[in-house]
Amino acid sequence: MNKFDFNQIGGFPLSTNILDGIQTAYSLFNALGEIAGNFAIISGCNVNGSTVSDGTVYINGEILEFRGGLLGANVIILQEPESRVFESGENKVILQKRYVTFGSSVTSYPWADFKRVFPTIQIQSFKDNFEARLAALENKPSPIPIGMIAIWNKPSTVAIPTGWQECTDLRGRVPVGWDPSDNIDFGVIGKADGEKRVILTQPQLPNARLKTFRNVTVDGWGSNYGPYPAVRVGSGGYENYFITGTWQEPDVYQTSPLGNGESHNNLQPYRVIRFIEYIG
């Protein structure tokens with residue numbers, strides 16, 4: 001910043017150039033507003049109910065007086081000219097008092113955009129406190145244990161979050177709870193078993209007897225000695241048949257094969273997702 005030496009003998013040549021230099025020198029203070037940033041509240045401007053107190057603000061590279069009043073949505077910059085009578089007798093404007101207040105104009109600024117400056121005297125203590133809390137957070141054990149499995153219900157084009165990876169062991173499989181009392185199926189963690197499709201074997205078929213009879217005669221019992229047909233038409237019509245009660249088995253024949261021995265779907269209703277594992 002320029003420095004004037006006024007304390008001299010011999011008659012200091014005070015001129016308009018000197019005064020302009022003084023104005024240029026103190027205008028450098030506007031640059032300090034950049035420390036706070038545009039639309040900063042430097043001081044004052046306290047809201048109390050529906051009113052705002054006087055203060056100082058920074059707008060577009062200029063530190064300005066703020067004249068408070070009733071709280072409004074926007075603020076504007078106004079100028080008040082001050083005049084003085086010169087030696088020539090002319091009355092001329094020598095000062096433009098610029099200030100900010102609530103109002104509306106072609107150019108206005110939303111009051112909601114103005115933020116209060118953080119006091120610089122508190123920066124060091126804030127920095128120390130922030131660094132201490134950050135260090136404590138970094139040293140704190142993760143609340144998610146390594147190896148935890150989670151469901152990731154996002155498309156395959158969406159990246160898995162940092163610290164996680166796909167659990168490929170569960171591709172195409174469903175998890176089941178460990179049961180230490182079950183030594184056959186669910187007693188070993190990590191065991192993989194089960195089939196998507198199943199072909200039933202003969203021991204897995206229902207315990208039923210399928211027979212066919214030819215039209216032979218069998219002996220009866222008691223007062224009914226027979227012989228009678230082994231299969232007779234019931235009273236309900238030709239669609240109803242019954243086997244004649246007897247102690248003697250009629251001839252039995254094997255039926256033709258009823259199926260093709262193909263596998264059947266063994267899946268429960270499902271939705272395809274990805275299992276992800278936390279790795280830290």
# chains A, B, ... in the order shown; residues from 1 in each chain; ligands from 1

call {"tool": "select_by_dssp", "arguments": {"residues": "range 126-215 of chain A", "states": "strand (DSSP E or B)", "output": "list in words"}}
result
Ile149, Ala150, Ile151, Trp152, Trp164, Gln165, Glu166, Arg197, Val198, Thr212 and Phe213 of chain A

call {"tool": "select_by_dssp", "arguments": {"residues": "range 39-219 of chain A", "states": "alpha helix (DSSP H)", "output": "ChimeraX atom specification"}}
result
/A:123-139

call {"tool": "write_last_selection", "arguments": {"atoms": "N, CA and C atoms", "output": "compact mmCIF listing (two decimals), in the first residue's frame"}}
result
# COMPACT_ATOMS: atom_id res chain seq x y z
N ILE A 123 -10.43 -19.52 13.93
CA ILE A 123 -10.02 -20.48 12.91
C ILE A 123 -9.08 -21.54 13.48
N GLN A 124 -8.09 -21.12 14.28
CA GLN A 124 -7.12 -22.08 14.80
C GLN A 124 -7.78 -23.11 15.71
N SER A 125 -8.63 -22.64 16.63
CA SER A 125 -9.29 -23.59 17.53
C SER A 125 -10.23 -24.51 16.76
N PHE A 126 -10.89 -23.96 15.74
CA PHE A 126 -11.77 -24.79 14.90
C PHE A 126 -10.95 -25.84 14.16
N LYS A 127 -9.80 -25.42 13.63
CA LYS A 127 -8.92 -26.34 12.90
C LYS A 127 -8.43 -27.46 13.81
N ASP A 128 -7.99 -27.09 15.02
CA ASP A 128 -7.50 -28.11 15.96
C ASP A 128 -8.60 -29.09 16.33
N ASN A 129 -9.79 -28.58 16.59
CA ASN A 129 -10.91 -29.45 16.96
C ASN A 129 -11.30 -30.35 15.80
N PHE A 130 -11.30 -29.79 14.60
CA PHE A 130 -11.67 -30.58 13.42
C PHE A 130 -10.66 -31.70 13.18
N GLU A 131 -9.37 -31.39 13.29
CA GLU A 131 -8.35 -32.41 13.07
C GLU A 131 -8.42 -33.51 14.12
N ALA A 132 -8.72 -33.13 15.37
CA ALA A 132 -8.83 -34.13 16.43
C ALA A 132 -10.01 -35.06 16.18
N ARG A 133 -11.13 -34.49 15.77
CA ARG A 133 -12.31 -35.32 15.49
C ARG A 133 -12.08 -36.20 14.27
N LEU A 134 -11.38 -35.67 13.26
CA LEU A 134 -11.10 -36.45 12.06
C LEU A 134 -10.18 -37.63 12.39
N ALA A 135 -9.16 -37.38 13.22
CA ALA A 135 -8.25 -38.46 13.61
C ALA A 135 -9.00 -39.54 14.39
N ALA A 136 -9.90 -39.11 15.29
CA ALA A 136 -10.68 -40.08 16.07
C ALA A 136 -11.57 -40.90 15.16
N LEU A 137 -12.13 -40.25 14.14
CA LEU A 137 -13.00 -40.97 13.21
C LEU A 137 -12.21 -41.97 12.38
N GLU A 138 -11.01 -41.58 11.95
CA GLU A 138 -10.19 -42.48 11.15
C GLU A 138 -9.72 -43.69 11.95
N ASN A 139 -9.50 -43.49 13.25
CA ASN A 139 -9.01 -44.58 14.10
C ASN A 139 -10.14 -45.43 14.68

call {"tool": "residues_around", "arguments": {"residues": "Gly177 in chain A", "least_positions_apart": "2", "cutoff": "10 Å", "atoms": "only C-alpha atoms", "output": "ChimeraX atom specification"}}
result
/A:175,179-180,186-187,189
